[in-house]
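Working notes, structure below.
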Amino acid sequence: MAGCLEAMKPEVLLSGSSFKEAREFIRKNVKEYYEVEPGYRILDVHIIGVPPLYVGIEGENIVFPYTKPCHGTFVVKIPGSDEIARLRERKRK
Amino acid sequence: MVETGNLKNEALLLLGCPQVPVQTSLALYAAHNLRRQGCRPVIAGTPAARKLMEVADPGRCYIDEMNDLDNMIDEIAEKQRDFKLCFVFIHNDSGVAYAGTMAYISKARVYALIFGEHAEELAGEIEFPCEIIAAKAVHNPMPLKRRLDEVMQWPVVSKL
């Protein structure tokens with residue numbers, strides 16, 4: 001996992017899934033979510049996948065898919081900080 | 001900002017998890033053909049994928065520049081670098097996700113090289129613009145090598 005993200009010790013909500021399963025997990029389990037483009041940057045990672053890709057907001061946290069080449073896609077939750085405002089500037093889905 | 005017209009004659013070879021044996025062999029083969037056609041191969045991959053390439057080609061006869069996979073995605077997504085061609089090596093769902101990302105963030109012509117036990121199913125998952133080159137190849141690279149040769153018709157690469 002990328003250094004900065006790893007240092008935040010993200011909570012893993014879903015592991016070893018496909019990017020489509022991760023997309024559905026966020027869509028079904030997070031009330032507030034936004035569509036982002038492939039390559040959208042969160043901290044030191046870029047969101048990998050095929051559109052539509054979703055990043056969710058839960059309280060003060062953000063929920064997003066994180067893809068590793070050997071282990072599939074994870075859905076992780078980390079403190080949102082400035083990312084939340086940036087997401088809310090996008091059209092709410 | 002990278003301008004399309006200013007792109008060098010370079011091709012990116014994107015290597016994911018090297019779990020399936022044919023990946024390294026096919027990547028070296030593709031790099032060799034690209035070099036022969038005057039197109040500089042640039043490899044981006046996981047640490048293990050890059051180590052396999054380095055050990056297989058200690059004299060750097062085929063490979064040239066090698067980069068970390070995430071760093072390369074970062075450079076392309078931030079519009080600091082781009083390529084004319086991009087070959088994404090795929091044998092799992094993550095590979096499809098990386099190819100889809102490249103199709104979106106890069107101006108390169110994207111080739112999805114799909115291999116492994118589930119090559120056909122993975123090929124069916126691809127719904128974004130790219131050239132699909134798929135064969136059920138695990139240990140024997142020849143089925144995919146033949147498909148690659150058919151699709152690429154290597155001399156064409158030099159005319160890009």
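Chain labels A, B, ... are given in the sequence in which chains occur in the structure tokens; within each chain residues are numbered consecutively from 1, and ligands are likewise numbered from 1 in the order shown.
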
With the cut-off set at 7 Å and counting only C-alpha atoms, tabulate each residue of chain B with an atom at most that distance from an atom of chain A, showing the nearest atom pair and its distance in Å to one decimal, ordered by chain and increasing number, as JSON lines.
{"residue": "B:Gly16", "atom": "CA", "partner": "A:Pro69", "partner_atom": "CA", "distance": 5.3}
{"residue": "B:Cys17", "atom": "CA", "partner": "A:Cys70", "partner_atom": "CA", "distance": 4.9}
{"residue": "B:Asp74", "atom": "CA", "partner": "A:His46", "partner_atom": "CA", "distance": 6.9}
{"residue": "B:Ala77", "atom": "CA", "partner": "A:Gly39", "partner_atom": "CA", "distance": 5.6}
{"residue": "B:Asp93", "atom": "CA", "partner": "A:Ser18", "partner_atom": "CA", "distance": 5.9}
{"residue": "B:Ser94", "atom": "CA", "partner": "A:Gly72", "partner_atom": "CA", "distance": 5.3}
{"residue": "B:Gly95", "atom": "CA", "partner": "A:Pro69", "partner_atom": "CA", "distance": 6.7}
{"residue": "B:Ala97", "atom": "CA", "partner": "A:Gly49", "partner_atom": "CA", "distance": 4.0}
{"residue": "B:Tyr98", "atom": "CA", "partner": "A:Ile48", "partner_atom": "CA", "distance": 6.0}
{"residue": "B:Gly100", "atom": "CA", "partner": "A:Val50", "partner_atom": "CA", "distance": 4.9}
{"residue": "B:Thr101", "atom": "CA", "partner": "A:Pro38", "partner_atom": "CA", "distance": 5.2}
{"residue": "B:Tyr104", "atom": "CA", "partner": "A:Pro38", "partner_atom": "CA", "distance": 6.5}
{"residue": "B:Ile105", "atom": "CA", "partner": "A:Gly39", "partner_atom": "CA", "distance": 6.7}

Which polymer residues have any atom within 12 Å of an atom of Asp82 in chain A, counting only C-alpha atoms, with same-chain residues fewer than 4 positions away left out, as a list in words?
Ile42, Leu43, Ile57, Glu60, Asn61, Ile62, Ile78, Arg86, Leu87, Arg88 and Glu89 of chain A

Store the residues picked out above, limited to C-alpha atoms, as a PDB file, in the first residue's frame.
ATOM      1  CA  ILE A  42      -6.486  10.712  -2.869  1.00  0.00           C
ATOM      2  CA  LEU A  43      -3.402  11.394  -0.740  1.00  0.00           C
ATOM      3  CA  ILE A  57     -18.198  10.080   2.629  1.00  0.00           C
ATOM      4  CA  GLU A  60     -15.469  12.621   8.864  1.00  0.00           C
ATOM      5  CA  ASN A  61     -14.153   9.728   6.768  1.00  0.00           C
ATOM      6  CA  ILE A  62     -13.880   8.893   3.105  1.00  0.00           C
ATOM      7  CA  ILE A  78      -9.624   6.833   6.205  1.00  0.00           C
ATOM      8  CA  ARG A  86     -13.071  18.513  -2.667  1.00  0.00           C
ATOM      9  CA  LEU A  87     -15.524  15.671  -3.249  1.00  0.00           C
ATOM     10  CA  ARG A  88     -18.564  17.712  -2.285  1.00  0.00           C
ATOM     11  CA  GLU A  89     -17.675  20.233  -4.934  1.00  0.00           C
TER      12      GLU A  89
END

Hey, what's within 10 Å of range 6-14 of chain A if we count only C-alpha atoms and toss same-chain stuff fewer than 6 positions away? As a list in words, please?
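My reading of the contact set: Glu21, Ala22, Phe25, Ile26, Asp44, Val63, Phe64, Pro65, Tyr66, Thr73, Phe74, Val75, Val76, Lys77, Ile78 and Pro79 of chain A.
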
Residues as selected, C-alpha atoms, written as a CSV table (one decimal), in the first residue's frame, can you do that?
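Written out: again_36.csv:
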chain,number,residue,atom,x,y,z
A,21,GLU,CA,-17.7,-5.6,-6.5
A,22,ALA,CA,-15.9,-2.6,-4.8
A,25,PHE,CA,-20.2,-2.2,-2.1
A,26,ILE,CA,-19.7,1.6,-2.0
A,44,ASP,CA,-0.6,9.6,-2.5
A,63,VAL,CA,-14.4,5.4,1.6
A,64,PHE,CA,-12.8,4.5,-1.6
A,65,PRO,CA,-11.5,1.5,-3.7
A,66,TYR,CA,-7.9,0.7,-3.6
A,73,THR,CA,-9.4,-4.3,-5.0
A,74,PHE,CA,-10.0,-3.3,-1.4
A,75,VAL,CA,-12.5,-0.8,-0.1
A,76,VAL,CA,-10.8,1.3,2.6
A,77,LYS,CA,-11.9,4.0,5.0
A,78,ILE,CA,-9.6,6.8,6.2
A,79,PRO,CA,-10.1,10.3,7.8

How would you write, as a ChimeraX atom specification, the set of residues in range 1-60 of chain B that DSSP gives as strand (DSSP E or B)?
/B:10-15,40-45

Selection to disk with C-alpha atoms, as a JSON list (two decimals), in the first residue's frame:
[["chain", "number", "residue", "atom", "x", "y", "z"],
["B", 10, "GLU", "CA", 8.04, 5.24, -26.81],
["B", 11, "ALA", "CA", 5.81, 2.39, -25.72],
["B", 12, "LEU", "CA", 4.84, 1.64, -22.15],
["B", 13, "LEU", "CA", 4.73, -1.98, -21.02],
["B", 14, "LEU", "CA", 2.64, -2.14, -17.85],
["B", 15, "LEU", "CA", 3.37, -5.26, -15.82],
["B", 40, "ARG", "CA", 11.77, 2.62, -27.13],
["B", 41, "PRO", "CA", 10.14, 0.29, -24.59],
["B", 42, "VAL", "CA", 9.56, 1.70, -21.12],
["B", 43, "ILE", "CA", 8.57, -0.80, -18.45],
["B", 44, "ALA", "CA", 6.49, -0.05, -15.39],
["B", 45, "GLY", "CA", 5.71, -2.84, -12.98]]

Out of range 39-95 of chain B, which residues get alpha helix (DSSP H) from DSSP, as a ChimeraX atom specification?
/B:47-56,69-77,93-95

Which residue, B:Gln153, B:Asn140, B:Asn92, B:Thr46, has the smallest gap to Leu34 in chain B when you use only C-alpha atoms?
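With only C-alpha atoms as the atom set, the closest residue is B:Gln153.
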